[in-house]
Each structure stands twice: as structure tokens, then as C-alpha cells.
file my_file22.cif (mmCIF, C-alpha atoms)
data_upload
#
loop_
_atom_site.label_atom_id
_atom_site.label_comp_id
_atom_site.auth_asym_id
_atom_site.auth_seq_id
_atom_site.Cartn_x
_atom_site.Cartn_y
_atom_site.Cartn_z
CA MET N 1 15.72 -9.27 -7.79
CA SER N 2 15.14 -11.42 -4.75
CA GLY N 3 13.18 -14.50 -3.92
CA VAL N 4 13.50 -18.25 -3.91
CA TRP N 5 14.37 -20.44 -6.88
CA VAL N 6 11.96 -23.38 -7.09
CA PHE N 7 12.51 -26.47 -9.25
CA LYS N 8 9.24 -28.24 -10.06
CA ASN N 9 8.24 -30.58 -12.90
CA GLY N 10 11.55 -30.02 -14.71
CA ILE N 11 11.18 -26.22 -14.67
CA ILE N 12 13.16 -23.80 -12.52
CA ARG N 13 11.37 -20.59 -11.60
CA LEU N 14 12.06 -17.56 -9.38
CA ASN N 15 9.28 -16.90 -6.87
CA GLU N 16 9.78 -13.24 -6.00
CA GLY N 17 8.68 -12.03 -2.59
CA SER N 18 8.84 -15.60 -1.34
CA THR N 19 11.10 -16.70 1.47
CA MET N 20 12.36 -20.01 2.76
CA ASP N 21 10.14 -19.49 5.80
CA GLN N 22 7.07 -19.18 3.58
CA GLN N 23 8.14 -22.18 1.49
CA SER N 24 8.44 -24.38 4.57
CA GLY N 25 5.26 -22.99 6.12
CA ARG N 26 7.10 -21.42 9.08
CA LYS N 27 6.21 -17.76 9.28
CA LYS N 28 8.26 -15.48 11.50
CA MET N 29 7.52 -12.32 13.41
CA LEU N 30 9.74 -9.65 14.94
CA VAL N 31 8.98 -8.91 18.59
CA HIS N 32 10.06 -5.81 20.53
CA LEU N 33 11.09 -7.35 23.86
CA PRO N 34 10.65 -4.33 26.19
CA THR N 35 6.97 -4.01 25.22
CA GLY N 36 6.20 -7.51 23.90
CA GLN N 37 4.75 -5.82 20.81
CA VAL N 38 4.90 -7.50 17.39
CA VAL N 39 6.35 -5.25 14.68
CA SER N 40 3.46 -5.01 12.24
CA SER N 41 4.48 -2.00 10.14
CA TYR N 42 7.46 0.11 9.15
CA SER N 43 6.05 3.11 11.00
CA LEU N 44 6.09 1.12 14.24
CA LEU N 45 9.59 -0.25 13.54
CA ARG N 46 10.84 3.26 12.65
CA GLN N 47 9.57 4.59 15.99
CA MET N 48 11.22 1.75 17.94
CA LEU N 49 14.55 2.13 16.14
CA MET N 50 14.61 5.90 16.53
CA GLU N 51 14.08 5.51 20.29
CA LEU N 52 17.23 3.37 20.26
CA GLY N 53 19.26 6.10 18.54
CA TRP N 54 18.91 4.95 14.92
CA GLU N 55 18.43 7.62 12.25
CA ILE N 56 16.94 7.38 8.78
CA TYR N 57 19.72 7.09 6.20
CA TYR N 58 19.06 8.40 2.70
CA GLY N 59 21.86 6.56 0.88
CA ASP N 60 19.71 4.44 -1.46
CA ILE N 61 16.29 5.39 -2.78
CA GLU N 62 15.45 1.72 -3.42
CA LEU N 63 15.73 0.80 0.28
CA LEU N 64 14.54 1.97 3.67
CA GLN N 65 17.75 2.37 5.66
CA PHE N 66 18.70 3.22 9.23
CA HIS N 67 22.12 4.23 10.55
CA LYS N 68 23.31 4.52 14.13
CA PRO N 69 25.78 7.44 14.40
CA SER N 70 27.65 5.79 17.29
CA SER N 71 28.53 2.77 15.12
CA ILE N 72 29.22 1.66 11.55
CA ASP N 73 26.01 -0.40 11.46
CA LEU N 74 23.45 0.06 8.71
CA ILE N 75 20.05 -1.63 8.55
CA SER N 76 18.73 -1.95 4.99
CA LEU N 77 15.12 -3.01 4.41
CA PRO N 78 12.96 -3.37 1.31
CA LYS N 79 10.63 -0.40 0.81
CA ASP N 80 7.64 -2.74 0.69
CA PHE N 81 6.76 -4.18 4.14
CA TYR N 82 5.32 -7.24 2.36
CA LYS N 83 8.90 -8.23 1.47
CA PHE N 84 10.10 -7.85 5.08
CA ASN N 85 11.17 -11.40 5.93
CA SER N 86 13.26 -13.27 8.50
CA VAL N 87 16.58 -12.30 6.87
CA TYR N 88 15.86 -8.64 7.63
CA MET N 89 14.43 -9.49 11.05
CA TYR N 90 17.60 -11.31 12.12
CA ASP N 91 19.71 -8.38 10.87
CA ILE N 92 17.78 -6.11 13.23
CA VAL N 93 18.17 -8.58 16.11
CA VAL N 94 21.96 -8.85 15.63
CA LYS N 95 22.35 -5.07 15.59
CA ASN N 96 20.04 -4.57 18.60
CA PRO N 97 20.78 -7.41 21.04
CA ASN N 98 18.30 -7.91 23.89
CA VAL N 99 15.80 -5.53 22.27
CA PHE N 100 14.28 -7.58 19.45
CA LEU N 101 13.57 -11.29 18.97
CA VAL N 102 12.40 -13.37 16.01
CA ARG N 103 9.69 -15.90 16.83
CA ASP N 104 7.54 -18.36 14.93
CA CYS N 105 3.98 -17.13 14.40
#
call {"tool": "encode", "arguments": {"input": "my_file22.cif", "output": "C-alpha cells"}}
result
Amino acid sequence: MSGVWVFKNGIIRLNEGSTMDQQSGRKKMLVHLPTGQVVSSYSLLRQMLMELGWEIYYGDIELLQFHKPSSIDLISLPKDFYKFNSVYMYDIVVKNPNVFLVRDC
């Protein structure tokens, strides 16, 4: 279960699939710096990560995961691209410095 807890009119509710970025109106996008291309799908992201030496990791059927054999790093993403938010984007940026960047839309 993931999302943002919202308190409104004396009621607290979990908005699943919602992020702080969406709540504040600031949408983010992940940009591949060498090409300037916006990551718009998992198939595109998979291709970019595999070119960088990442491999698909089959450790959890609930997640889409990538592992880099030369490190201990693991990138875990929700299976549904709709739930791909800035938290996951920044994880990719930290593990691939100077290759990806998170920008406001």
C-alpha cells in the first residue's frame, strides 16, 4: 500500500497512486541526459538501463527490478508505470549519476 494520507474535513484518507508532487501540482519527469529524451515508458527505461549494464532481477514478482552485477545496487519500481513517481526517479538518478536527471514538467 502506497500513497499520500490526506486530512480533509475531519476525515483522514489514503489516496493511492498519488504523490506529493501531484498534490502540490508539481509534476516531474525523468530525462536521459545523453539523448535529452524523456523516459515515457518502462520499455524505454529498460533499454536505457540495460545499455548501462543493468540486468533485470527476478527477486520479487510484485516489482520491476534491475540489478547491476558490478555493484550491490538494486532499482525497484512498481509494475504499473502510472505509479512511477519522483521517489523512483531520484533513486535512478542517484544510482546513475550524470546519466539521468529529474526535472519539472
call {"tool": "resolve_selection", "arguments": {"input": "my_file22.cif", "expression": "the PyMOL selection byres ((chain N and resi 76-87) around 8)", "output": "ChimeraX atom specification"}}
result
/N:17-19,21,28-29,41-42,62-66,74-75,88-91,102
call {"tool": "residues_around", "arguments": {"input": "my_file22.cif", "residues": "N:Gln37", "least_positions_apart": "5", "cutoff": "12 Å", "atoms": "all atoms listed in the file", "output": "MDAnalysis selection string"}}
result
chainID N and resid 29:32 44:45 48 99:103
call {"tool": "atom_distance", "arguments": {"input": "my_file22.cif", "atom1": "atom CA of N:Lys95", "atom2": "atom CA of N:Pro69"}}
result
13.0 Å
call {"tool": "atom_distance", "arguments": {"input": "my_file22.cif", "atom1": "atom CA of N:Thr35", "atom2": "atom CA of N:Tyr57"}}
result
25.4 Å
call {"tool": "closest_residue", "arguments": {"input": "my_file22.cif", "among": "N:Arg46, N:Asp104, N:Ile12, N:Glu51", "to": "N:Pro34", "atoms": "all atoms listed in the file"}}
result
N:Glu51
call {"tool": "atom_distance", "arguments": {"input": "my_file22.cif", "atom1": "atom CA of N:Trp54", "atom2": "atom CA of N:Gly36"}}
result
19.9 Å
call {"tool": "axis_aligned_box", "arguments": {"input": "my_file22.cif", "around": "stretch 102-105 of chain N", "padding_each_side": "5 Å", "output": "AutoDock Vina command-line options"}}
result
--center_x 8.2 --center_y -15.9 --center_z 15.6 --size_x 18.4 --size_y 15.0 --size_z 12.4
call {"tool": "build_atoms", "arguments": {"input": "my_file22.cif", "residues": "stretch 35-46 of chain N", "atoms": "all heavy atoms", "output": "PDB file, in the frame of the given file"}}
result
ATOM      1  N   THR N  35       8.421  -4.195  25.176  1.00  0.00           N
ATOM      2  CA  THR N  35       6.970  -4.010  25.220  1.00  0.00           C
ATOM      3  C   THR N  35       6.202  -5.289  24.899  1.00  0.00           C
ATOM      4  O   THR N  35       4.998  -5.356  25.135  1.00  0.00           O
ATOM      5  CB  THR N  35       6.532  -2.933  24.204  1.00  0.00           C
ATOM      6  OG1 THR N  35       6.875  -3.379  22.881  1.00  0.00           O
ATOM      7  CG2 THR N  35       7.176  -1.595  24.509  1.00  0.00           C
ATOM      8  N   GLY N  36       6.883  -6.285  24.320  1.00  0.00           N
ATOM      9  CA  GLY N  36       6.200  -7.510  23.900  1.00  0.00           C
ATOM     10  C   GLY N  36       5.375  -7.317  22.647  1.00  0.00           C
ATOM     11  O   GLY N  36       4.599  -8.182  22.257  1.00  0.00           O
ATOM     12  N   GLN N  37       5.545  -6.179  21.981  1.00  0.00           N
ATOM     13  CA  GLN N  37       4.750  -5.820  20.810  1.00  0.00           C
ATOM     14  C   GLN N  37       5.349  -6.428  19.537  1.00  0.00           C
ATOM     15  O   GLN N  37       6.560  -6.409  19.337  1.00  0.00           O
ATOM     16  CB  GLN N  37       4.710  -4.299  20.689  1.00  0.00           C
ATOM     17  CG  GLN N  37       3.693  -3.766  19.761  1.00  0.00           C
ATOM     18  CD  GLN N  37       3.570  -2.252  19.908  1.00  0.00           C
ATOM     19  OE1 GLN N  37       4.398  -1.591  20.506  1.00  0.00           O
ATOM     20  NE2 GLN N  37       2.516  -1.707  19.330  1.00  0.00           N
ATOM     21  N   VAL N  38       4.483  -6.970  18.683  1.00  0.00           N
ATOM     22  CA  VAL N  38       4.900  -7.500  17.390  1.00  0.00           C
ATOM     23  C   VAL N  38       5.035  -6.338  16.414  1.00  0.00           C
ATOM     24  O   VAL N  38       4.151  -5.489  16.331  1.00  0.00           O
ATOM     25  CB  VAL N  38       3.880  -8.530  16.859  1.00  0.00           C
ATOM     26  CG1 VAL N  38       4.248  -8.983  15.453  1.00  0.00           C
ATOM     27  CG2 VAL N  38       3.787  -9.721  17.797  1.00  0.00           C
ATOM     28  N   VAL N  39       6.144  -6.298  15.681  1.00  0.00           N
ATOM     29  CA  VAL N  39       6.350  -5.250  14.680  1.00  0.00           C
ATOM     30  C   VAL N  39       5.465  -5.575  13.489  1.00  0.00           C
ATOM     31  O   VAL N  39       5.680  -6.557  12.785  1.00  0.00           O
ATOM     32  CB  VAL N  39       7.838  -5.177  14.266  1.00  0.00           C
ATOM     33  CG1 VAL N  39       8.021  -4.157  13.152  1.00  0.00           C
ATOM     34  CG2 VAL N  39       8.700  -4.834  15.469  1.00  0.00           C
ATOM     35  N   SER N  40       4.453  -4.749  13.282  1.00  0.00           N
ATOM     36  CA  SER N  40       3.460  -5.010  12.240  1.00  0.00           C
ATOM     37  C   SER N  40       3.481  -3.995  11.111  1.00  0.00           C
ATOM     38  O   SER N  40       2.689  -4.101  10.172  1.00  0.00           O
ATOM     39  CB  SER N  40       2.062  -5.049  12.864  1.00  0.00           C
ATOM     40  OG  SER N  40       1.806  -3.828  13.531  1.00  0.00           O
ATOM     41  N   SER N  41       4.377  -3.009  11.198  1.00  0.00           N
ATOM     42  CA  SER N  41       4.480  -2.000  10.140  1.00  0.00           C
ATOM     43  C   SER N  41       5.826  -1.300  10.241  1.00  0.00           C
ATOM     44  O   SER N  41       6.490  -1.333  11.278  1.00  0.00           O
ATOM     45  CB  SER N  41       3.367  -0.961  10.262  1.00  0.00           C
ATOM     46  OG  SER N  41       3.565  -0.164  11.415  1.00  0.00           O
ATOM     47  N   TYR N  42       6.212  -0.658   9.130  1.00  0.00           N
ATOM     48  CA  TYR N  42       7.460   0.110   9.150  1.00  0.00           C
ATOM     49  C   TYR N  42       7.351   1.343  10.035  1.00  0.00           C
ATOM     50  O   TYR N  42       8.330   1.767  10.621  1.00  0.00           O
ATOM     51  CB  TYR N  42       7.870   0.505   7.741  1.00  0.00           C
ATOM     52  CG  TYR N  42       8.617  -0.568   6.992  1.00  0.00           C
ATOM     53  CD1 TYR N  42       8.605  -0.611   5.614  1.00  0.00           C
ATOM     54  CD2 TYR N  42       9.354  -1.547   7.655  1.00  0.00           C
ATOM     55  CE1 TYR N  42       9.289  -1.578   4.906  1.00  0.00           C
ATOM     56  CE2 TYR N  42      10.043  -2.511   6.967  1.00  0.00           C
ATOM     57  CZ  TYR N  42      10.015  -2.533   5.597  1.00  0.00           C
ATOM     58  OH  TYR N  42      10.707  -3.502   4.911  1.00  0.00           O
ATOM     59  N   SER N  43       6.180   1.930  10.144  1.00  0.00           N
ATOM     60  CA  SER N  43       6.050   3.110  11.000  1.00  0.00           C
ATOM     61  C   SER N  43       6.320   2.746  12.460  1.00  0.00           C
ATOM     62  O   SER N  43       6.977   3.488  13.184  1.00  0.00           O
ATOM     63  CB  SER N  43       4.693   3.782  10.833  1.00  0.00           C
ATOM     64  OG  SER N  43       3.657   2.900  11.177  1.00  0.00           O
ATOM     65  N   LEU N  44       5.837   1.589  12.881  1.00  0.00           N
ATOM     66  CA  LEU N  44       6.090   1.120  14.240  1.00  0.00           C
ATOM     67  C   LEU N  44       7.571   0.785  14.430  1.00  0.00           C
ATOM     68  O   LEU N  44       8.188   1.178  15.426  1.00  0.00           O
ATOM     69  CB  LEU N  44       5.227  -0.107  14.549  1.00  0.00           C
ATOM     70  CG  LEU N  44       5.333  -0.711  15.940  1.00  0.00           C
ATOM     71  CD1 LEU N  44       4.972   0.311  17.013  1.00  0.00           C
ATOM     72  CD2 LEU N  44       4.431  -1.928  16.047  1.00  0.00           C
ATOM     73  N   LEU N  45       8.166   0.096  13.455  1.00  0.00           N
ATOM     74  CA  LEU N  45       9.590  -0.250  13.540  1.00  0.00           C
ATOM     75  C   LEU N  45      10.443   1.017  13.548  1.00  0.00           C
ATOM     76  O   LEU N  45      11.394   1.126  14.325  1.00  0.00           O
ATOM     77  CB  LEU N  45       9.984  -1.141  12.357  1.00  0.00           C
ATOM     78  CG  LEU N  45      11.453  -1.551  12.301  1.00  0.00           C
ATOM     79  CD1 LEU N  45      11.868  -2.327  13.546  1.00  0.00           C
ATOM     80  CD2 LEU N  45      11.722  -2.369  11.041  1.00  0.00           C
ATOM     81  N   ARG N  46      10.103   1.988  12.705  1.00  0.00           N
ATOM     82  CA  ARG N  46      10.840   3.260  12.650  1.00  0.00           C
ATOM     83  C   ARG N  46      10.835   3.931  14.025  1.00  0.00           C
ATOM     84  O   ARG N  46      11.871   4.386  14.503  1.00  0.00           O
ATOM     85  CB  ARG N  46      10.215   4.178  11.607  1.00  0.00           C
ATOM     86  CG  ARG N  46      10.944   5.498  11.453  1.00  0.00           C
ATOM     87  CD  ARG N  46      10.294   6.401  10.412  1.00  0.00           C
ATOM     88  NE  ARG N  46      10.250   5.755   9.108  1.00  0.00           N
ATOM     89  CZ  ARG N  46       9.132   5.530   8.422  1.00  0.00           C
ATOM     90  NH1 ARG N  46       7.960   5.892   8.913  1.00  0.00           N
ATOM     91  NH2 ARG N  46       9.168   4.954   7.245  1.00  0.00           N
TER      92      ARG N  46
END
